[in-house]
$ cat final-v5.pdb   # PDB, C-alpha atoms
ATOM      1  CA  MET A 113     -93.548  27.432 -80.673  1.00  0.00           C
ATOM      2  CA  ILE A 114     -91.042  26.177 -78.108  1.00  0.00           C
ATOM      3  CA  ARG A 115     -88.846  23.089 -78.200  1.00  0.00           C
ATOM      4  CA  VAL A 116     -86.153  21.874 -75.805  1.00  0.00           C
ATOM      5  CA  GLN A 117     -84.312  18.868 -77.211  1.00  0.00           C
ATOM      6  CA  THR A 118     -81.058  16.911 -77.123  1.00  0.00           C
ATOM      7  CA  GLY A 119     -80.962  16.363 -80.901  1.00  0.00           C
ATOM      8  CA  ASP A 120     -79.764  18.741 -83.606  1.00  0.00           C
ATOM      9  CA  PHE A 121     -82.025  20.955 -85.726  1.00  0.00           C
ATOM     10  CA  ASP A 122     -82.002  21.861 -89.405  1.00  0.00           C
ATOM     11  CA  ILE A 123     -82.513  25.591 -89.900  1.00  0.00           C
ATOM     12  CA  GLY A 124     -83.843  25.221 -93.442  1.00  0.00           C
ATOM     13  CA  ALA A 125     -86.336  22.547 -92.437  1.00  0.00           C
ATOM     14  CA  GLU A 126     -87.508  24.583 -89.436  1.00  0.00           C
ATOM     15  CA  VAL A 127     -88.109  27.695 -91.543  1.00  0.00           C
ATOM     16  CA  ALA A 128     -89.875  25.631 -94.223  1.00  0.00           C
ATOM     17  CA  ALA A 129     -92.174  24.103 -91.585  1.00  0.00           C
ATOM     18  CA  LEU A 130     -92.946  27.546 -90.180  1.00  0.00           C
ATOM     19  CA  THR A 131     -93.742  29.197 -93.493  1.00  0.00           C
ATOM     20  CA  GLY A 132     -95.124  26.202 -95.418  1.00  0.00           C
ATOM     21  CA  GLY A 133     -98.590  26.760 -96.860  1.00  0.00           C
ATOM     22  CA  ARG A 134     -98.676  30.395 -95.744  1.00  0.00           C
ATOM     23  CA  THR A 135     -98.676  33.481 -97.923  1.00  0.00           C
ATOM     24  CA  ASP A 136     -99.070  36.123 -95.191  1.00  0.00           C
ATOM     25  CA  ILE A 137     -95.397  36.108 -94.136  1.00  0.00           C
ATOM     26  CA  GLY A 138     -93.153  38.667 -95.816  1.00  0.00           C
ATOM     27  CA  ALA A 139     -90.074  38.492 -93.593  1.00  0.00           C
ATOM     28  CA  VAL A 140     -88.266  35.726 -91.724  1.00  0.00           C
ATOM     29  CA  VAL A 141     -85.312  36.410 -89.429  1.00  0.00           C
ATOM     30  CA  THR A 142     -83.372  33.477 -88.000  1.00  0.00           C
ATOM     31  CA  PHE A 143     -80.649  33.483 -85.375  1.00  0.00           C
ATOM     32  CA  SER A 144     -78.657  30.414 -84.449  1.00  0.00           C
ATOM     33  CA  GLY A 145     -75.989  30.059 -81.777  1.00  0.00           C
ATOM     34  CA  LEU A 146     -73.145  27.540 -82.010  1.00  0.00           C
ATOM     35  CA  VAL A 147     -70.563  26.059 -79.623  1.00  0.00           C
ATOM     36  CA  ARG A 148     -67.155  27.765 -79.999  1.00  0.00           C
ATOM     37  CA  ASP A 149     -63.886  25.870 -79.630  1.00  0.00           C
ATOM     38  CA  ALA A 150     -62.464  28.412 -77.213  1.00  0.00           C
ATOM     39  CA  SER A 151     -63.534  30.516 -74.265  1.00  0.00           C
ATOM     40  CA  GLY A 152     -61.183  33.476 -74.327  1.00  0.00           C
ATOM     41  CA  SER A 153     -57.768  31.835 -74.625  1.00  0.00           C
ATOM     42  CA  ALA A 154     -58.857  28.511 -73.078  1.00  0.00           C
ATOM     43  CA  PRO A 155     -59.696  25.693 -75.496  1.00  0.00           C
ATOM     44  CA  VAL A 156     -63.150  24.118 -75.228  1.00  0.00           C
ATOM     45  CA  THR A 157     -63.460  20.459 -76.235  1.00  0.00           C
ATOM     46  CA  SER A 158     -67.071  19.889 -75.166  1.00  0.00           C
ATOM     47  CA  MET A 159     -70.004  21.574 -73.486  1.00  0.00           C
ATOM     48  CA  GLU A 160     -72.745  20.295 -71.212  1.00  0.00           C
ATOM     49  CA  LEU A 161     -76.037  22.190 -71.145  1.00  0.00           C
ATOM     50  CA  GLU A 162     -78.162  21.748 -68.041  1.00  0.00           C
ATOM     51  CA  HIS A 163     -81.693  23.103 -67.700  1.00  0.00           C
ATOM     52  CA  TYR A 164     -84.659  23.253 -65.334  1.00  0.00           C
ATOM     53  CA  PRO A 165     -87.266  20.966 -66.940  1.00  0.00           C
ATOM     54  CA  GLY A 166     -90.720  22.473 -66.599  1.00  0.00           C
ATOM     55  CA  MET A 167     -89.629  26.020 -65.849  1.00  0.00           C
ATOM     56  CA  THR A 168     -87.535  26.210 -69.024  1.00  0.00           C
ATOM     57  CA  GLU A 169     -90.548  25.583 -71.238  1.00  0.00           C
ATOM     58  CA  LYS A 170     -92.712  27.973 -69.179  1.00  0.00           C
ATOM     59  CA  GLU A 171     -90.116  30.749 -69.285  1.00  0.00           C
ATOM     60  CA  LEU A 172     -89.527  30.365 -73.030  1.00  0.00           C
ATOM     61  CA  ALA A 173     -93.296  30.472 -73.570  1.00  0.00           C
ATOM     62  CA  ARG A 174     -93.542  33.653 -71.447  1.00  0.00           C
ATOM     63  CA  ILE A 175     -90.744  35.260 -73.503  1.00  0.00           C
ATOM     64  CA  GLU A 176     -92.419  34.230 -76.753  1.00  0.00           C
ATOM     65  CA  THR A 177     -95.812  35.576 -75.620  1.00  0.00           C
ATOM     66  CA  GLU A 178     -94.194  38.891 -74.712  1.00  0.00           C
ATOM     67  CA  ALA A 179     -92.620  39.147 -78.176  1.00  0.00           C
ATOM     68  CA  HIS A 180     -96.048  38.649 -79.751  1.00  0.00           C
ATOM     69  CA  GLU A 181     -97.483  41.386 -77.500  1.00  0.00           C
ATOM     70  CA  ARG A 182     -94.766  43.826 -78.554  1.00  0.00           C
ATOM     71  CA  TRP A 183     -94.521  43.205 -82.298  1.00  0.00           C
ATOM     72  CA  PRO A 184     -96.951  42.180 -85.043  1.00  0.00           C
ATOM     73  CA  LEU A 185     -95.581  38.683 -85.619  1.00  0.00           C
ATOM     74  CA  GLN A 186     -97.010  35.979 -87.856  1.00  0.00           C
ATOM     75  CA  ALA A 187     -95.025  33.189 -86.213  1.00  0.00           C
ATOM     76  CA  THR A 188     -92.086  32.503 -83.899  1.00  0.00           C
ATOM     77  CA  LEU A 189     -90.005  29.471 -83.009  1.00  0.00           C
ATOM     78  CA  ILE A 190     -87.457  28.857 -80.257  1.00  0.00           C
ATOM     79  CA  VAL A 191     -85.440  25.625 -80.248  1.00  0.00           C
ATOM     80  CA  HIS A 192     -82.813  25.087 -77.539  1.00  0.00           C
ATOM     81  CA  ARG A 193     -80.617  22.023 -77.186  1.00  0.00           C
ATOM     82  CA  VAL A 194     -79.568  20.451 -73.880  1.00  0.00           C
ATOM     83  CA  GLY A 195     -77.081  17.736 -72.968  1.00  0.00           C
ATOM     84  CA  ARG A 196     -73.598  17.193 -74.334  1.00  0.00           C
ATOM     85  CA  LEU A 197     -72.457  19.301 -77.297  1.00  0.00           C
ATOM     86  CA  ALA A 198     -69.193  19.666 -79.222  1.00  0.00           C
ATOM     87  CA  PRO A 199     -67.550  22.723 -80.846  1.00  0.00           C
ATOM     88  CA  GLY A 200     -69.389  23.555 -84.062  1.00  0.00           C
ATOM     89  CA  ASP A 201     -72.680  22.083 -82.823  1.00  0.00           C
ATOM     90  CA  ASN A 202     -75.883  24.109 -82.901  1.00  0.00           C
ATOM     91  CA  ILE A 203     -77.119  25.299 -79.483  1.00  0.00           C
ATOM     92  CA  VAL A 204     -80.096  27.535 -80.097  1.00  0.00           C
ATOM     93  CA  LEU A 205     -82.392  28.644 -82.903  1.00  0.00           C
ATOM     94  CA  VAL A 206     -84.747  31.614 -82.885  1.00  0.00           C
ATOM     95  CA  VAL A 207     -87.036  32.338 -85.821  1.00  0.00           C
ATOM     96  CA  ALA A 208     -89.314  35.367 -86.086  1.00  0.00           C
ATOM     97  CA  ALA A 209     -91.700  35.843 -88.998  1.00  0.00           C
ATOM     98  CA  SER A 210     -93.682  38.979 -89.759  1.00  0.00           C
ATOM     99  CA  VAL A 211     -95.255  40.928 -92.608  1.00  0.00           C
ATOM    100  CA  HIS A 212     -92.377  43.436 -92.793  1.00  0.00           C
ATOM    101  CA  ARG A 213     -88.743  42.957 -91.770  1.00  0.00           C
ATOM    102  CA  GLU A 214     -88.464  45.441 -88.901  1.00  0.00           C
ATOM    103  CA  ALA A 215     -90.701  43.490 -86.518  1.00  0.00           C
ATOM    104  CA  ALA A 216     -88.936  40.215 -87.346  1.00  0.00           C
ATOM    105  CA  PHE A 217     -85.439  41.677 -86.800  1.00  0.00           C
ATOM    106  CA  GLU A 218     -86.377  43.330 -83.516  1.00  0.00           C
ATOM    107  CA  ALA A 219     -88.352  40.351 -82.188  1.00  0.00           C
ATOM    108  CA  ALA A 220     -85.526  37.899 -82.963  1.00  0.00           C
ATOM    109  CA  SER A 221     -83.099  40.148 -81.109  1.00  0.00           C
ATOM    110  CA  PHE A 222     -85.492  40.536 -78.175  1.00  0.00           C
ATOM    111  CA  LEU A 223     -86.121  36.777 -77.979  1.00  0.00           C
ATOM    112  CA  MET A 224     -82.380  36.065 -77.794  1.00  0.00           C
ATOM    113  CA  ASP A 225     -81.672  38.830 -75.262  1.00  0.00           C
ATOM    114  CA  TYR A 226     -84.451  37.633 -72.961  1.00  0.00           C
ATOM    115  CA  LEU A 227     -83.613  33.971 -73.455  1.00  0.00           C
ATOM    116  CA  LYS A 228     -80.006  34.645 -72.465  1.00  0.00           C
ATOM    117  CA  THR A 229     -80.943  36.428 -69.243  1.00  0.00           C
ATOM    118  CA  ARG A 230     -84.132  34.615 -68.156  1.00  0.00           C
ATOM    119  CA  ALA A 231     -84.382  31.063 -69.526  1.00  0.00           C
ATOM    120  CA  PRO A 232     -82.984  28.566 -66.982  1.00  0.00           C
ATOM    121  CA  PHE A 233     -80.096  26.988 -68.900  1.00  0.00           C
ATOM    122  CA  TRP A 234     -76.524  26.620 -67.627  1.00  0.00           C
ATOM    123  CA  LYS A 235     -73.424  25.873 -69.694  1.00  0.00           C
ATOM    124  CA  ARG A 236     -70.484  23.865 -68.432  1.00  0.00           C
ATOM    125  CA  GLU A 237     -67.389  23.960 -70.609  1.00  0.00           C
ATOM    126  CA  GLU A 238     -64.741  21.271 -70.677  1.00  0.00           C
ATOM    127  CA  GLY A 239     -61.208  21.580 -72.026  1.00  0.00           C
ATOM    128  CA  GLN A 240     -57.720  20.367 -71.109  1.00  0.00           C
ATOM    129  CA  GLY A 241     -59.187  17.934 -68.583  1.00  0.00           C
ATOM    130  CA  GLU A 242     -60.904  20.689 -66.656  1.00  0.00           C
ATOM    131  CA  ALA A 243     -64.558  21.659 -66.460  1.00  0.00           C
ATOM    132  CA  HIS A 244     -66.079  24.915 -65.315  1.00  0.00           C
ATOM    133  CA  TRP A 245     -69.497  26.539 -65.241  1.00  0.00           C
ATOM    134  CA  VAL A 246     -69.748  29.445 -67.641  1.00  0.00           C
ATOM    135  CA  GLU A 247     -70.275  32.756 -65.851  1.00  0.00           C
ATOM    136  CA  ALA A 248     -73.093  35.087 -66.834  1.00  0.00           C
ATOM    137  CA  ARG A 249     -71.952  38.105 -68.845  1.00  0.00           C
ATOM    138  CA  GLU A 250     -72.746  41.633 -67.863  1.00  0.00           C
ATOM    139  CA  SER A 251     -73.055  42.522 -71.556  1.00  0.00           C
ATOM    140  CA  ASP A 252     -75.995  40.099 -71.828  1.00  0.00           C
ATOM    141  CA  ASP A 253     -77.784  41.822 -68.922  1.00  0.00           C
ATOM    142  CA  LYS A 254     -77.100  45.163 -70.565  1.00  0.00           C
ATOM    143  CA  ALA A 255     -78.452  43.937 -73.897  1.00  0.00           C
ATOM    144  CA  ALA A 256     -81.664  42.792 -72.201  1.00  0.00           C
ATOM    145  CA  THR A 257     -82.232  46.109 -70.408  1.00  0.00           C
ATOM    146  CA  ARG A 258     -82.676  47.971 -73.700  1.00  0.00           C
ATOM    147  CA  TRP A 259     -86.075  46.252 -74.065  1.00  0.00           C
ATOM    148  CA  LYS A 260     -87.279  47.405 -70.615  1.00  0.00           C
ATOM    149  CA  ARG A 261     -90.396  49.538 -70.690  1.00  0.00           C
TER     150      ARG A 261
ATOM    151  CA  MET B   8     -91.885  21.669 -50.087  1.00  0.00           C
ATOM    152  CA  LYS B   9     -89.697  20.521 -52.950  1.00  0.00           C
ATOM    153  CA  LEU B  10     -86.308  22.200 -53.341  1.00  0.00           C
ATOM    154  CA  LEU B  11     -84.298  22.037 -56.557  1.00  0.00           C
ATOM    155  CA  TYR B  12     -80.671  23.005 -57.151  1.00  0.00           C
ATOM    156  CA  PHE B  13     -78.930  23.494 -60.481  1.00  0.00           C
ATOM    157  CA  ALA B  14     -75.399  23.883 -61.890  1.00  0.00           C
ATOM    158  CA  TRP B  15     -72.726  24.670 -59.265  1.00  0.00           C
ATOM    159  CA  VAL B  16     -75.367  25.206 -56.582  1.00  0.00           C
ATOM    160  CA  LYS B  17     -76.268  21.534 -57.028  1.00  0.00           C
ATOM    161  CA  GLN B  18     -72.605  20.534 -56.854  1.00  0.00           C
ATOM    162  CA  LYS B  19     -72.088  22.463 -53.628  1.00  0.00           C
ATOM    163  CA  THR B  20     -75.227  21.256 -51.827  1.00  0.00           C
ATOM    164  CA  GLY B  21     -74.519  17.745 -53.085  1.00  0.00           C
ATOM    165  CA  THR B  22     -78.136  17.218 -54.104  1.00  0.00           C
ATOM    166  CA  GLY B  23     -80.319  18.147 -57.060  1.00  0.00           C
ATOM    167  CA  GLU B  24     -83.670  17.714 -55.410  1.00  0.00           C
ATOM    168  CA  GLU B  25     -85.060  17.181 -51.925  1.00  0.00           C
ATOM    169  CA  ASP B  26     -88.266  17.435 -49.915  1.00  0.00           C
ATOM    170  CA  VAL B  27     -88.006  19.623 -46.841  1.00  0.00           C
ATOM    171  CA  MET B  28     -90.165  20.991 -44.043  1.00  0.00           C
ATOM    172  CA  PRO B  29     -88.781  24.431 -43.179  1.00  0.00           C
ATOM    173  CA  PRO B  30     -89.557  25.625 -39.637  1.00  0.00           C
ATOM    174  CA  THR B  31     -92.834  27.454 -39.064  1.00  0.00           C
ATOM    175  CA  GLY B  32     -92.440  31.148 -39.728  1.00  0.00           C
ATOM    176  CA  THR B  33     -90.100  30.747 -42.719  1.00  0.00           C
ATOM    177  CA  GLY B  34     -91.805  33.427 -44.758  1.00  0.00           C
ATOM    178  CA  ASN B  35     -89.622  34.279 -47.743  1.00  0.00           C
ATOM    179  CA  VAL B  36     -86.710  33.049 -49.834  1.00  0.00           C
ATOM    180  CA  HIS B  37     -84.150  34.859 -47.670  1.00  0.00           C
ATOM    181  CA  GLU B  38     -85.431  33.124 -44.523  1.00  0.00           C
ATOM    182  CA  LEU B  39     -85.455  29.795 -46.322  1.00  0.00           C
ATOM    183  CA  ILE B  40     -81.792  30.269 -47.286  1.00  0.00           C
ATOM    184  CA  ALA B  41     -80.895  31.230 -43.710  1.00  0.00           C
ATOM    185  CA  TRP B  42     -82.418  27.952 -42.528  1.00  0.00           C
ATOM    186  CA  LEU B  43     -80.779  25.912 -45.312  1.00  0.00           C
ATOM    187  CA  LYS B  44     -77.355  27.273 -44.307  1.00  0.00           C
ATOM    188  CA  THR B  45     -77.764  25.661 -40.876  1.00  0.00           C
ATOM    189  CA  ARG B  46     -78.066  22.242 -42.519  1.00  0.00           C
ATOM    190  CA  GLY B  47     -74.403  21.645 -43.302  1.00  0.00           C
ATOM    191  CA  GLU B  48     -71.191  22.839 -44.882  1.00  0.00           C
ATOM    192  CA  GLY B  49     -72.366  22.168 -48.434  1.00  0.00           C
ATOM    193  CA  TYR B  50     -75.345  24.490 -47.996  1.00  0.00           C
ATOM    194  CA  GLU B  51     -73.219  27.093 -46.301  1.00  0.00           C
ATOM    195  CA  ALA B  52     -70.801  27.022 -49.246  1.00  0.00           C
ATOM    196  CA  ALA B  53     -73.594  27.134 -51.833  1.00  0.00           C
ATOM    197  CA  PHE B  54     -75.221  30.171 -50.241  1.00  0.00           C
ATOM    198  CA  ALA B  55     -72.040  31.974 -49.133  1.00  0.00           C
ATOM    199  CA  ASP B  56     -72.501  34.753 -51.710  1.00  0.00           C
ATOM    200  CA  LEU B  57     -76.158  35.603 -52.271  1.00  0.00           C
ATOM    201  CA  GLY B  58     -75.127  38.023 -55.016  1.00  0.00           C
ATOM    202  CA  VAL B  59     -74.647  35.075 -57.370  1.00  0.00           C
ATOM    203  CA  ILE B  60     -77.719  33.099 -56.318  1.00  0.00           C
ATOM    204  CA  ARG B  61     -80.927  33.279 -58.334  1.00  0.00           C
ATOM    205  CA  CYS B  62     -84.188  31.606 -57.374  1.00  0.00           C
ATOM    206  CA  ALA B  63     -87.556  30.594 -58.718  1.00  0.00           C
ATOM    207  CA  VAL B  64     -90.710  30.005 -56.694  1.00  0.00           C
ATOM    208  CA  ASP B  65     -93.139  27.611 -58.352  1.00  0.00           C
ATOM    209  CA  GLN B  66     -91.175  27.954 -61.607  1.00  0.00           C
ATOM    210  CA  GLU B  67     -91.293  31.764 -61.745  1.00  0.00           C
ATOM    211  CA  HIS B  68     -88.263  33.989 -61.200  1.00  0.00           C
ATOM    212  CA  GLY B  69     -88.202  35.415 -57.697  1.00  0.00           C
ATOM    213  CA  ASP B  70     -85.830  37.259 -55.387  1.00  0.00           C
ATOM    214  CA  LEU B  71     -84.837  37.140 -51.733  1.00  0.00           C
ATOM    215  CA  ASP B  72     -88.086  38.845 -50.680  1.00  0.00           C
ATOM    216  CA  THR B  73     -90.416  36.527 -52.604  1.00  0.00           C
ATOM    217  CA  PRO B  74     -92.867  34.874 -50.178  1.00  0.00           C
ATOM    218  CA  ILE B  75     -92.794  31.087 -50.044  1.00  0.00           C
ATOM    219  CA  ALA B  76     -96.028  30.505 -48.128  1.00  0.00           C
ATOM    220  CA  GLY B  77     -98.015  27.885 -50.022  1.00  0.00           C
ATOM    221  CA  ALA B  78     -95.245  27.327 -52.578  1.00  0.00           C
ATOM    222  CA  SER B  79     -94.705  23.741 -53.609  1.00  0.00           C
ATOM    223  CA  GLU B  80     -91.369  24.176 -55.412  1.00  0.00           C
ATOM    224  CA  VAL B  81     -88.412  26.496 -54.826  1.00  0.00           C
ATOM    225  CA  ALA B  82     -85.302  26.326 -57.010  1.00  0.00           C
ATOM    226  CA  PHE B  83     -81.836  27.819 -56.503  1.00  0.00           C
ATOM    227  CA  PHE B  84     -79.318  28.349 -59.287  1.00  0.00           C
ATOM    228  CA  PRO B  85     -76.570  30.656 -60.604  1.00  0.00           C
ATOM    229  CA  PRO B  86     -77.351  33.423 -63.122  1.00  0.00           C
ATOM    230  CA  VAL B  87     -78.471  31.689 -66.318  1.00  0.00           C
ATOM    231  CA  THR B  88     -76.055  31.152 -69.234  1.00  0.00           C
ATOM    232  CA  GLY B  89     -78.101  29.621 -72.062  1.00  0.00           C
ATOM    233  CA  GLY B  90     -78.412  30.734 -75.661  1.00  0.00           C
TER     234      GLY B  90
END
$ encode --input "final-v5.pdb" --output "structure tokens"
Amino acid sequence: MIRVQTGDFDIGAEVAALTGGRTDIGAVVTFSGLVRDASGSAPVTSMELEHYPGMTEKELARIETEAHERWPLQATLIVHRVGRLAPGDNIVLVVAASVHREAAFEAASFLMDYLKTRAPFWKREEGQGEAHWVEARESDDKAATRWKR
Amino acid sequence: MKLLYFAWVKQKTGTGEEDVMPPTGTGNVHELIAWLKTRGEGYEAAFADLGVIRCAVDQEHGDLDTPIAGASEVAFFPPVTGG
């Protein structure tokens, strides 16, 4: 399941909704990303997340489908926030549920690596009266290449 | 054809969305960019370094060689930074 939203999410409630009424799930891995108050040595006071409506949902769905093709997963969830966020706020949530833990761990990692390099979101950080677009990190590209087949 | 621009590409072109009619024979993304750069300083600045430009044709990731014949939507943006 995919959701792009401006509002916050509650990790406990999301996991409960995903696993509620089911007895086939033996492992749930969650990853959540938060806004930091600094980028290197520069303070960050707020962040604006822009996205490409339409393509974002399609790309996240493609990434999710690929995870299900690669691992035996019982359920997955990707929630990504857009709009204005403050340090400490949630940005992204990935949940992967499977029978045994290995698939859930690997799928959650894969979902985040692909999301970071393929899903059309852009971060703009503000601090000390200045704003700048966050630059893509080579380490994220590198992390994504380990899933290439 | 609808063109979309995001993040600093949008700031440099000065527009987020526009409808255009590229000249006949504009076959791929690279040729579309070459034509866009003739449309003003903002476009020239946005597409000055193609190494930092990413694109999507009809909401699927593409590259400079991706054909645009029959496409209804082409988007230009910097490398993504979500998550």
$ closest_atom_pairs --input "final-v5.pdb" --of "chain A" --to "chain B" --cutoff "10 Å" --atoms "only C-alpha atoms" --output "JSON lines"
{"residue": "A:Ser144", "atom": "CA", "partner": "B:Gly90", "partner_atom": "CA", "distance": 8.8}
{"residue": "A:Gly145", "atom": "CA", "partner": "B:Gly90", "partner_atom": "CA", "distance": 6.6}
{"residue": "A:Leu146", "atom": "CA", "partner": "B:Gly90", "partner_atom": "CA", "distance": 8.8}
{"residue": "A:Val147", "atom": "CA", "partner": "B:Gly90", "partner_atom": "CA", "distance": 10.0}
{"residue": "A:Leu161", "atom": "CA", "partner": "B:Gly89", "partner_atom": "CA", "distance": 7.8}
{"residue": "A:Glu162", "atom": "CA", "partner": "B:Ala14", "partner_atom": "CA", "distance": 7.1}
{"residue": "A:His163", "atom": "CA", "partner": "B:Phe13", "partner_atom": "CA", "distance": 7.7}
{"residue": "A:Tyr164", "atom": "CA", "partner": "B:Phe13", "partner_atom": "CA", "distance": 7.5}
{"residue": "A:Pro165", "atom": "CA", "partner": "B:Gln66", "partner_atom": "CA", "distance": 9.6}
{"residue": "A:Gly166", "atom": "CA", "partner": "B:Gln66", "partner_atom": "CA", "distance": 7.4}
{"residue": "A:Met167", "atom": "CA", "partner": "B:Gln66", "partner_atom": "CA", "distance": 4.9}
{"residue": "A:Thr168", "atom": "CA", "partner": "B:Gln66", "partner_atom": "CA", "distance": 8.4}
{"residue": "A:Glu169", "atom": "CA", "partner": "B:Gln66", "partner_atom": "CA", "distance": 9.9}
{"residue": "A:Lys170", "atom": "CA", "partner": "B:Gln66", "partner_atom": "CA", "distance": 7.7}
{"residue": "A:Glu171", "atom": "CA", "partner": "B:Glu67", "partner_atom": "CA", "distance": 7.7}
{"residue": "A:Val191", "atom": "CA", "partner": "B:Gly90", "partner_atom": "CA", "distance": 9.8}
{"residue": "A:His192", "atom": "CA", "partner": "B:Gly90", "partner_atom": "CA", "distance": 7.4}
{"residue": "A:Arg193", "atom": "CA", "partner": "B:Gly90", "partner_atom": "CA", "distance": 9.1}
{"residue": "A:Val194", "atom": "CA", "partner": "B:Gly89", "partner_atom": "CA", "distance": 9.5}
{"residue": "A:Ile203", "atom": "CA", "partner": "B:Gly90", "partner_atom": "CA", "distance": 6.8}
{"residue": "A:Val204", "atom": "CA", "partner": "B:Gly90", "partner_atom": "CA", "distance": 5.7}
{"residue": "A:Leu205", "atom": "CA", "partner": "B:Gly90", "partner_atom": "CA", "distance": 8.5}
{"residue": "A:Val206", "atom": "CA", "partner": "B:Gly90", "partner_atom": "CA", "distance": 9.6}
{"residue": "A:Met224", "atom": "CA", "partner": "B:Gly90", "partner_atom": "CA", "distance": 7.0}
{"residue": "A:Asp225", "atom": "CA", "partner": "B:Gly90", "partner_atom": "CA", "distance": 8.7}
{"residue": "A:Tyr226", "atom": "CA", "partner": "B:Gly90", "partner_atom": "CA", "distance": 9.6}
{"residue": "A:Leu227", "atom": "CA", "partner": "B:Gly90", "partner_atom": "CA", "distance": 6.5}
{"residue": "A:Lys228", "atom": "CA", "partner": "B:Gly90", "partner_atom": "CA", "distance": 5.3}
{"residue": "A:Thr229", "atom": "CA", "partner": "B:Val87", "partner_atom": "CA", "distance": 6.1}
{"residue": "A:Arg230", "atom": "CA", "partner": "B:Val87", "partner_atom": "CA", "distance": 6.6}
{"residue": "A:Ala231", "atom": "CA", "partner": "B:Val87", "partner_atom": "CA", "distance": 6.8}
{"residue": "A:Pro232", "atom": "CA", "partner": "B:Val87", "partner_atom": "CA", "distance": 5.5}
{"residue": "A:Phe233", "atom": "CA", "partner": "B:Gly89", "partner_atom": "CA", "distance": 4.6}
{"residue": "A:Trp234", "atom": "CA", "partner": "B:Thr88", "partner_atom": "CA", "distance": 4.8}
{"residue": "A:Lys235", "atom": "CA", "partner": "B:Thr88", "partner_atom": "CA", "distance": 5.9}
{"residue": "A:Arg236", "atom": "CA", "partner": "B:Ala14", "partner_atom": "CA", "distance": 8.2}
{"residue": "A:His244", "atom": "CA", "partner": "B:Trp15", "partner_atom": "CA", "distance": 9.0}
{"residue": "A:Trp245", "atom": "CA", "partner": "B:Trp15", "partner_atom": "CA", "distance": 7.0}
{"residue": "A:Val246", "atom": "CA", "partner": "B:Thr88", "partner_atom": "CA", "distance": 6.7}
{"residue": "A:Glu247", "atom": "CA", "partner": "B:Thr88", "partner_atom": "CA", "distance": 6.9}
{"residue": "A:Ala248", "atom": "CA", "partner": "B:Thr88", "partner_atom": "CA", "distance": 5.5}
{"residue": "A:Arg249", "atom": "CA", "partner": "B:Thr88", "partner_atom": "CA", "distance": 8.1}
{"residue": "A:Asp252", "atom": "CA", "partner": "B:Thr88", "partner_atom": "CA", "distance": 9.3}
$ resolve_selection --input "final-v5.pdb" --expression "the PyMOL selection byres ((chain B and resi 54) around 10)" --output "compact mmCIF listing (two decimals) with C-alpha atoms, keeping the file's coordinate frame"
# COMPACT_ATOMS: atom_id res chain seq x y z
CA VAL B 16 -75.37 25.21 -56.58
CA LYS B 19 -72.09 22.46 -53.63
CA THR B 20 -75.23 21.26 -51.83
CA ILE B 40 -81.79 30.27 -47.29
CA ALA B 41 -80.90 31.23 -43.71
CA LEU B 43 -80.78 25.91 -45.31
CA LYS B 44 -77.36 27.27 -44.31
CA GLU B 48 -71.19 22.84 -44.88
CA GLY B 49 -72.37 22.17 -48.43
CA TYR B 50 -75.34 24.49 -48.00
CA GLU B 51 -73.22 27.09 -46.30
CA ALA B 52 -70.80 27.02 -49.25
CA ALA B 53 -73.59 27.13 -51.83
CA ALA B 55 -72.04 31.97 -49.13
CA ASP B 56 -72.50 34.75 -51.71
CA LEU B 57 -76.16 35.60 -52.27
CA GLY B 58 -75.13 38.02 -55.02
CA VAL B 59 -74.65 35.08 -57.37
CA ILE B 60 -77.72 33.10 -56.32
CA PHE B 83 -81.84 27.82 -56.50
$ resolve_selection --input "final-v5.pdb" --expression "the PyMOL selection byres ((chain B and resi 77-80) around 7)" --output "list in words"
Met8, Lys9, Leu10, Val64, Asp65, Ile75, Ala76, Val81 and Ala82 of chain B
$ resolve_selection --input "final-v5.pdb" --expression "the PyMOL selection byres ((chain B and resi 35) around 10)" --output "PyMOL selection string"
chain B and resi 32-34+36-40+64+70-76
$ axis_aligned_box --input "final-v5.pdb" --around "stretch 132-135 of chain A" --padding-each-side "4 Å" --output "lines of an AutoDock Vina configuration file"
center_x = -96.9
center_y = 29.8
center_z = -96.7
size_x = 11.6
size_y = 15.3
size_z = 10.5
$ closest_residue --input "final-v5.pdb" --among "A:Arg174, A:Arg196, A:Lys254, A:Arg148" --to "A:Gly119" --atoms "all atoms listed in the file"
A:Arg196
$ atom_distance --input "final-v5.pdb" --atom1 "atom CA of A:Gly195" --atom2 "atom CA of A:Glu238"
13.0 Å
$ atom_distance --input "final-v5.pdb" --atom1 "atom CA of B:Thr22" --atom2 "atom CA of A:Arg115"
27.0 Å
